[in-house]
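**Student:** Please read through the structure below; I'll follow up with questions.
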Amino acid sequence: MFQTNDVLNEHAKQVIESAPLVHMVTIDPDGRPQVSLVWVGLDGDDILVAHQAERRKVFNLRRDDRVALSMLGGRKDERGLETYLVVHGRATITPGGAPDLLRPLARKYMGPDVVFPPGDNPPEGFITRVAVERVVGIGPWGTDS
């Protein structure tokens, strides 16, 4: 069933912690959606994304902090449909900290022995912190879960 909620419940947090590839949607200056594939982590009820450089998604979020994150839920519902989770929120960009977030995420996404970014002194990059405003999708993400 399509459900909506304004917070991440434990089911949604489990999906995020399972390391799904996430589509991050920001808004280009001309109003068109811009989509990037990102890795995500959690800090309490906030979702974190690391960026090694100031690319389009960072520019977009500095101008307009609205963001959507879409991911598969990793199972099927009772009808056989793939579950999915979409998080809408507001983003805050802070400089630095990208390697400290990317390295543990790389072990989840790429394997336990992976070091990413490589090297002893990778660029500090940026962190996006997404404050959740709305959670929708097919799965146990709603208030009656």
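Letters A, B, ... mark the chains of the structure tokens in the order given; residue numbers begin at 1 per chain; ligand numbers begin at 1, in order shown.
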Enumerate, in order of chain and increasing residue number, the residues of stretch 37-86 of chain A with an atom no farther than 8 Å from stretch 3-25 of chain A, each with its shortest atom pair and distance in Å to one decimal, counting only C-alpha atoms, as CSV.

**Tutor:**
```
residue,atom,partner,partner_atom,distance
A:Leu37,CA,A:His23,CA,4.7
A:Val38,CA,A:Val22,CA,5.3
A:Trp39,CA,A:Leu21,CA,6.0
A:Val40,CA,A:Ile16,CA,7.0
A:Gly41,CA,A:Glu17,CA,6.7
A:Leu42,CA,A:Glu17,CA,7.3
A:Asp45,CA,A:Leu8,CA,6.5
A:Val67,CA,A:Val25,CA,5.7
A:Ala68,CA,A:Val25,CA,5.1
A:Leu69,CA,A:Met24,CA,4.7
A:Ser70,CA,A:His23,CA,5.1
A:Met71,CA,A:Val22,CA,5.0
A:Leu72,CA,A:Pro20,CA,6.9
A:Gly73,CA,A:Val15,CA,5.9
A:Gly74,CA,A:Val15,CA,7.4
A:Leu85,CA,A:Ala12,CA,7.3
```

**Student:** Would you list the contacts of stretch 91-95 of chain A as number ranges by chain, taking every protein, DNA or RNA residue within 12 Å and counting only C-alpha atoms, but skipping same-chain residues closer than 4 positions in sequence?

**Tutor:** A: 24-26, 46-54, 57-69, 87, 99, 123-133

**Student:** Convert the current residue selection to file output with N, CA and C atoms, as a compact mmCIF listing (two decimals), in the first residue's frame.

**Tutor:**
```
# COMPACT_ATOMS: atom_id res chain seq x y z
N MET A 24 19.34 10.56 -5.92
CA MET A 24 19.18 11.86 -5.27
C MET A 24 18.71 12.85 -6.33
N VAL A 25 17.55 13.46 -6.08
CA VAL A 25 16.97 14.39 -7.04
C VAL A 25 17.04 15.80 -6.48
N THR A 26 17.72 16.68 -7.23
CA THR A 26 17.79 18.09 -6.90
C THR A 26 17.16 18.86 -8.05
N ASP A 46 18.48 11.97 10.46
CA ASP A 46 18.94 12.66 9.25
C ASP A 46 19.67 11.68 8.34
N ILE A 47 19.58 11.92 7.05
CA ILE A 47 20.29 11.13 6.05
C ILE A 47 21.50 11.93 5.60
N LEU A 48 22.66 11.26 5.51
CA LEU A 48 23.90 11.92 5.12
C LEU A 48 24.37 11.40 3.77
N VAL A 49 24.90 12.33 2.97
CA VAL A 49 25.50 12.02 1.67
C VAL A 49 26.82 12.77 1.60
N ALA A 50 27.88 12.09 1.14
CA ALA A 50 29.19 12.73 1.00
C ALA A 50 29.47 13.02 -0.47
N HIS A 51 30.16 14.13 -0.70
CA HIS A 51 30.54 14.53 -2.06
C HIS A 51 32.01 14.89 -2.04
N GLN A 52 32.77 14.34 -2.97
CA GLN A 52 34.19 14.65 -3.04
C GLN A 52 34.47 16.02 -3.63
N ALA A 53 33.56 16.51 -4.45
CA ALA A 53 33.77 17.79 -5.11
C ALA A 53 32.43 18.53 -5.20
N GLU A 54 32.49 19.79 -5.52
CA GLU A 54 31.28 20.60 -5.63
C GLU A 54 30.70 20.46 -7.03
N LYS A 57 24.87 18.66 -8.08
CA LYS A 57 23.92 18.47 -6.98
C LYS A 57 24.22 19.40 -5.81
N VAL A 58 25.49 19.64 -5.54
CA VAL A 58 25.86 20.55 -4.45
C VAL A 58 25.47 21.98 -4.82
N PHE A 59 25.78 22.40 -6.04
CA PHE A 59 25.37 23.74 -6.49
C PHE A 59 23.86 23.91 -6.38
N ASN A 60 23.13 22.90 -6.85
CA ASN A 60 21.67 22.97 -6.81
C ASN A 60 21.15 23.09 -5.38
N LEU A 61 21.70 22.30 -4.45
CA LEU A 61 21.22 22.33 -3.07
C LEU A 61 21.59 23.62 -2.35
N ARG A 62 22.67 24.25 -2.74
CA ARG A 62 23.00 25.55 -2.16
C ARG A 62 21.96 26.60 -2.58
N ARG A 63 21.42 26.47 -3.78
CA ARG A 63 20.45 27.42 -4.31
C ARG A 63 19.04 27.09 -3.85
N ASP A 64 18.69 25.81 -3.82
CA ASP A 64 17.34 25.35 -3.46
C ASP A 64 17.52 24.07 -2.64
N ASP A 65 17.20 24.13 -1.37
CA ASP A 65 17.52 23.02 -0.46
C ASP A 65 16.56 21.84 -0.53
N ARG A 66 15.57 21.89 -1.41
CA ARG A 66 14.64 20.76 -1.53
C ARG A 66 15.32 19.58 -2.23
N VAL A 67 15.09 18.38 -1.69
CA VAL A 67 15.72 17.18 -2.22
C VAL A 67 14.78 15.99 -2.04
N ALA A 68 14.89 15.03 -2.95
CA ALA A 68 14.19 13.75 -2.82
C ALA A 68 15.21 12.63 -2.99
N LEU A 69 15.06 11.59 -2.20
CA LEU A 69 15.93 10.42 -2.26
C LEU A 69 15.05 9.20 -2.49
N VAL A 87 12.17 9.58 0.16
CA VAL A 87 12.28 10.54 1.26
C VAL A 87 12.38 11.94 0.65
N PRO A 99 35.65 12.25 3.35
CA PRO A 99 36.35 10.97 3.50
C PRO A 99 35.92 10.18 4.73
N PRO A 123 40.58 14.78 -0.89
CA PRO A 123 39.92 16.08 -0.69
C PRO A 123 38.84 15.98 0.38
N GLU A 124 38.71 17.03 1.16
CA GLU A 124 37.74 17.04 2.26
C GLU A 124 36.30 17.06 1.78
N GLY A 125 36.04 17.60 0.60
CA GLY A 125 34.71 17.55 0.00
C GLY A 125 33.64 18.24 0.83
N PHE A 126 32.42 17.65 0.78
CA PHE A 126 31.24 18.24 1.41
C PHE A 126 30.35 17.14 1.96
N ILE A 127 29.56 17.47 2.95
CA ILE A 127 28.53 16.58 3.47
C ILE A 127 27.17 17.25 3.28
N THR A 128 26.23 16.49 2.78
CA THR A 128 24.84 16.92 2.73
C THR A 128 24.09 16.21 3.85
N ARG A 129 23.40 16.98 4.67
CA ARG A 129 22.54 16.44 5.72
C ARG A 129 21.10 16.73 5.31
N VAL A 130 20.32 15.66 5.16
CA VAL A 130 18.92 15.80 4.75
C VAL A 130 18.03 15.63 5.98
N ALA A 131 17.30 16.69 6.31
CA ALA A 131 16.28 16.64 7.35
C ALA A 131 14.99 16.16 6.70
N VAL A 132 14.47 15.06 7.17
CA VAL A 132 13.31 14.41 6.56
C VAL A 132 12.05 15.23 6.82
N GLU A 133 11.29 15.46 5.74
CA GLU A 133 10.00 16.13 5.85
C GLU A 133 8.83 15.19 5.55
```

**Student:** Go ahead and compute the interatomic distance for atom CA of A:Gly139 and atom CA of A:Gly80, in Å to one decimal.

**Tutor:** 11.5 Å

**Student:** Select from chain A everything DSSP, run on the backbone, classes as alpha helix (DSSP H), then give the selection as number ranges by chain.

**Tutor:** A: 10-17, 56-63, 98-110

**Student:** Would you export the selected residues with C-alpha atoms as a CSV table (one decimal), in the first residue's frame, please?

**Tutor:**
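Output contents, as saved in again-v6.csv:
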```csv
chain,number,residue,atom,x,y,z
A,10,GLU,CA,12.7,1.6,12.0
A,11,HIS,CA,11.7,-0.2,8.7
A,12,ALA,CA,12.9,2.8,6.7
A,13,LYS,CA,16.1,3.1,8.7
A,14,GLN,CA,16.8,-0.6,8.1
A,15,VAL,CA,16.5,-0.1,4.3
A,16,ILE,CA,18.8,2.9,4.4
A,17,GLU,CA,21.4,1.0,6.6
A,56,ARG,CA,25.9,20.0,-9.9
A,57,LYS,CA,23.9,18.5,-7.0
A,58,VAL,CA,25.9,20.6,-4.4
A,59,PHE,CA,25.4,23.7,-6.5
A,60,ASN,CA,21.7,23.0,-6.8
A,61,LEU,CA,21.2,22.3,-3.1
A,62,ARG,CA,23.0,25.6,-2.2
A,63,ARG,CA,20.5,27.4,-4.3
A,98,ALA,CA,33.5,13.6,3.0
A,99,PRO,CA,36.4,11.0,3.5
A,100,ASP,CA,35.2,10.2,7.0
A,101,LEU,CA,31.7,9.3,5.7
A,102,LEU,CA,32.8,7.8,2.4
A,103,ARG,CA,35.2,5.2,3.9
A,104,PRO,CA,32.7,3.3,6.1
A,105,LEU,CA,30.1,3.6,3.4
A,106,ALA,CA,32.6,2.2,0.8
A,107,ARG,CA,33.0,-0.9,3.0
A,108,LYS,CA,29.2,-1.4,3.0
A,109,TYR,CA,28.7,-0.6,-0.7
A,110,MET,CA,31.9,-2.1,-2.3
```

**Student:** Please compute the atom CA of A:Ile27-atom CA of A:Pro122 distance, one decimal, in Å.

**Tutor:** 28.1 Å

**Student:** Please identify the strand (DSSP E or B) residues within stretch 5-83 of chain A (assignment by DSSP from backbone atoms) and present them as an MDAnalysis selection string.

**Tutor:** chainID A and resid 5 22:27 33:38 41:43 46:51 66:76 82:83

**Student:** Just want the 9 Å neighbourhood of A:Arg75, counted on only C-alpha atoms, with same-chain residues fewer than 6 positions away dropped. Output as an MDAnalysis selection string.

**Tutor:** chainID A and resid 81:84 139
